[in-house]
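Below: data17.csv (CSV, C-alpha atoms)
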```
chain,number,residue,atom,x,y,z
X,1,MET,CA,-57.6,-10.8,0.1
X,2,ALA,CA,-58.0,-14.4,-0.9
X,3,ASP,CA,-58.5,-17.0,1.8
X,4,ASP,CA,-55.2,-18.8,1.0
X,5,LYS,CA,-53.2,-15.6,1.3
X,6,VAL,CA,-51.5,-14.3,4.5
X,7,ARG,CA,-50.3,-10.7,5.1
X,8,ILE,CA,-46.8,-10.4,6.5
X,9,THR,CA,-45.4,-7.1,7.6
X,10,PHE,CA,-41.8,-6.3,8.5
X,11,ALA,CA,-39.7,-3.3,9.3
X,12,CYS,CA,-36.8,-2.2,7.1
X,13,SER,CA,-34.6,0.8,6.5
X,14,THR,CA,-35.8,3.6,4.2
X,15,GLU,CA,-32.8,2.8,1.9
X,16,LEU,CA,-34.0,-0.8,1.4
X,17,ARG,CA,-37.6,0.5,0.9
X,18,ASP,CA,-36.4,2.9,-1.7
X,19,LYS,CA,-34.4,0.3,-3.5
X,20,LEU,CA,-37.4,-2.1,-3.6
X,21,THR,CA,-39.6,0.7,-4.8
X,22,ASN,CA,-37.2,1.7,-7.6
X,23,GLN,CA,-36.8,-1.9,-8.8
X,24,ALA,CA,-40.6,-2.5,-8.7
X,25,ASP,CA,-41.1,0.7,-10.7
X,26,ASN,CA,-38.5,-0.4,-13.2
X,27,GLU,CA,-40.2,-3.8,-13.6
X,28,GLY,CA,-43.7,-2.3,-13.7
X,29,ILE,CA,-45.1,-4.2,-10.7
X,30,THR,CA,-46.1,-3.3,-7.2
X,31,ARG,CA,-43.6,-3.3,-4.4
X,32,THR,CA,-45.4,-6.1,-2.6
X,33,GLN,CA,-45.5,-8.3,-5.7
X,34,LEU,CA,-41.7,-7.8,-6.1
X,35,ILE,CA,-41.1,-8.8,-2.5
X,36,VAL,CA,-43.3,-11.9,-2.9
X,37,GLU,CA,-41.4,-12.9,-6.1
X,38,LEU,CA,-38.0,-12.3,-4.4
X,39,LEU,CA,-39.0,-14.4,-1.4
X,40,GLU,CA,-40.4,-17.2,-3.5
X,41,SER,CA,-37.3,-17.4,-5.6
X,42,SER,CA,-35.1,-17.3,-2.5
X,43,VAL,CA,-37.0,-19.9,-0.6
X,44,SER,CA,-37.4,-22.3,-3.6
X,45,GLY,CA,-33.6,-22.4,-4.1
X,46,LYS,CA,-33.8,-22.0,-7.9
X,47,SER,CA,-33.8,-18.9,-10.0
X,48,ILE,CA,-37.0,-18.1,-11.9
X,49,GLY,CA,-35.1,-17.0,-15.0
X,50,ASP,CA,-32.8,-20.0,-15.5
X,51,GLU,CA,-35.5,-22.2,-17.2
X,52,ARG,CA,-36.5,-19.6,-19.7
X,53,GLU,CA,-35.0,-19.1,-23.2
X,54,PRO,CA,-33.3,-15.8,-24.0
X,55,ALA,CA,-36.1,-14.8,-26.4
X,56,VAL,CA,-38.7,-15.2,-23.6
X,57,GLN,CA,-36.4,-13.3,-21.2
X,58,ARG,CA,-36.1,-10.4,-23.7
X,59,LEU,CA,-39.9,-10.3,-24.2
X,60,LEU,CA,-40.6,-10.4,-20.5
X,61,TYR,CA,-38.0,-7.6,-19.9
X,62,ASP,CA,-39.6,-5.5,-22.7
X,63,LEU,CA,-43.1,-6.0,-21.3
X,64,GLN,CA,-42.0,-5.2,-17.8
X,65,ARG,CA,-40.1,-2.1,-18.9
X,66,ARG,CA,-43.2,-0.8,-20.9
X,67,LEU,CA,-45.5,-1.5,-17.9
X,68,GLY,CA,-43.1,0.3,-15.7
X,69,ASP,CA,-43.2,3.3,-18.1
X,70,MET,CA,-47.0,3.2,-18.1
X,71,GLU,CA,-47.1,3.1,-14.3
X,72,LYS,CA,-44.8,6.2,-14.2
X,73,TRP,CA,-47.0,8.0,-16.6
X,74,ARG,CA,-50.1,7.0,-14.5
X,75,ARG,CA,-48.5,8.4,-11.4
X,76,GLU,CA,-47.4,11.6,-13.2
X,77,ILE,CA,-50.9,12.2,-14.6
X,78,LYS,CA,-52.4,11.5,-11.2
X,79,SER,CA,-50.2,14.2,-9.8
X,80,TRP,CA,-51.3,16.6,-12.5
X,81,VAL,CA,-55.0,15.9,-11.7
X,82,ASP,CA,-54.3,16.4,-8.0
X,83,MET,CA,-52.6,19.8,-8.7
X,84,ALA,CA,-55.5,20.8,-11.0
X,85,ASP,CA,-58.0,20.0,-8.3
X,86,GLU,CA,-56.1,22.0,-5.8
X,87,ASP,CA,-55.8,25.0,-8.2
X,88,ARG,CA,-59.5,24.8,-8.9
X,89,MET,CA,-60.3,24.8,-5.2
X,90,ASN,CA,-58.0,27.8,-4.7
X,91,LEU,CA,-59.5,29.7,-7.6
X,92,GLU,CA,-63.1,29.1,-6.3
X,93,GLY,CA,-62.1,30.2,-2.8
X,94,THR,CA,-60.4,33.3,-4.2
X,95,LEU,CA,-63.3,34.3,-6.3
X,96,ALA,CA,-65.7,33.8,-3.4
X,97,ASP,CA,-63.6,36.0,-1.1
X,98,PHE,CA,-63.3,38.6,-3.8
X,99,LEU,CA,-67.1,38.7,-4.5
X,100,THR,CA,-67.8,38.8,-0.8
X,101,GLU,CA,-65.5,41.8,-0.3
X,102,GLN,CA,-67.2,43.6,-3.1
X,103,VAL,CA,-70.7,43.0,-1.7
X,104,LYS,CA,-69.5,44.2,1.7
X,105,ASP,CA,-67.9,47.3,0.3
X,106,GLY,CA,-71.0,48.1,-1.8
X,107,GLY,CA,-69.2,47.6,-5.1
X,108,ILE,CA,-71.9,45.3,-6.4
X,109,ASP,CA,-75.5,46.4,-6.7
X,110,THR,CA,-77.4,43.6,-4.9
X,111,LYS,CA,-80.8,44.8,-6.0
X,112,MET,CA,-82.1,43.2,-9.1
X,113,LYS,CA,-83.5,45.5,-11.7
X,114,VAL,CA,-86.2,43.9,-13.8
X,115,SER,CA,-87.4,45.7,-16.8
X,116,LYS,CA,-91.0,45.2,-17.8
X,117,LYS,CA,-91.5,44.0,-21.2
X,118,LYS,CA,-94.5,44.9,-23.4
X,119,LYS,CA,-97.2,42.3,-23.7
X,120,ILE,CA,-97.5,40.5,-27.0
X,121,PRO,CA,-100.5,42.0,-28.7
X,122,ALA,CA,-103.5,39.8,-29.3
X,123,PRO,CA,-104.1,39.1,-33.0
X,124,LYS,CA,-106.7,41.2,-34.7
X,125,LYS,CA,-109.5,39.5,-36.5
X,126,ASN,CA,-110.0,40.5,-40.2
X,127,LYS,CA,-113.5,41.4,-41.1
X,128,LYS,CA,-114.5,40.3,-44.6
```
Is it possible to give me this structure as structure tokens?
Amino acid sequence: MADDKVRITFACSTELRDKLTNQADNEGITRTQLIVELLESSVSGKSIGDEREPAVQRLLYDLQRRLGDMEKWRREIKSWVDMADEDRMNLEGTLADFLTEQVKDGGIDTKMKVSKKKKIPAPKKNKK
């Protein structure tokens, strides 16, 4: 955290937290950034959007919406990765248990059978 920044924590209802989270997701920013922007606009006494032209407002809205969509996709893909990691761990554990049971039951021959291969014959010299 930068030296000129201060962390402020506060308690709120889960309903307010969920509203803030949903609005932050829709705008494509973090919840803490949304809270900071809301507090700054409230304390400054002027709305951030009043000084912007409609074209700029539309552009910002479009960018925020697209960033929000990208953030939703990132979270969705992260959940897929987490589920895949869990499935892989479960599969490895299941295979290990299965193989251990087979070894204990004598279903797998644990002795290695090595077949002896013939040596490569030495080249014969041609007599001239």
Practice problem: Determine the nearest neighbour of Gly68 (chain X) from the options X:Asn126, X:Thr21, X:Asn26, X:Ser13, counting only C-alpha atoms. | Solution: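 The shortest atom-to-atom distance to Gly68 (chain X) comes from X:Asn26.
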Quiz item: What is the distance, in Å and to one decimal place, between CA of Arg65 (chain X) and CA of Ser79 (chain X)?
Solution: 21.2 Å
Exercise. Would you kindly return, as a PyMOL selection string, each protein, DNA or RNA residue with an atom no farther than 12 Å from any atom of Arg17 (chain X), considering all atoms listed in the file and excluding same-chain residues fewer than 5 positions away?
Key: chain X and resi 10-12+22-24+31-32+34-35
Quiz item: Please, what distance in Å, to one decimal, runs between CA of Arg66 (chain X) and CA of Ser41 (chain X)?
Solution: 23.3 Å
Quiz item: Could you state the separation of CA of Leu59 (chain X) and CA of Leu16 (chain X) in Å, given to one decimal place?
Solution: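 Separation of CA of Leu59 (chain X) and CA of Leu16 (chain X): 27.9 Å.
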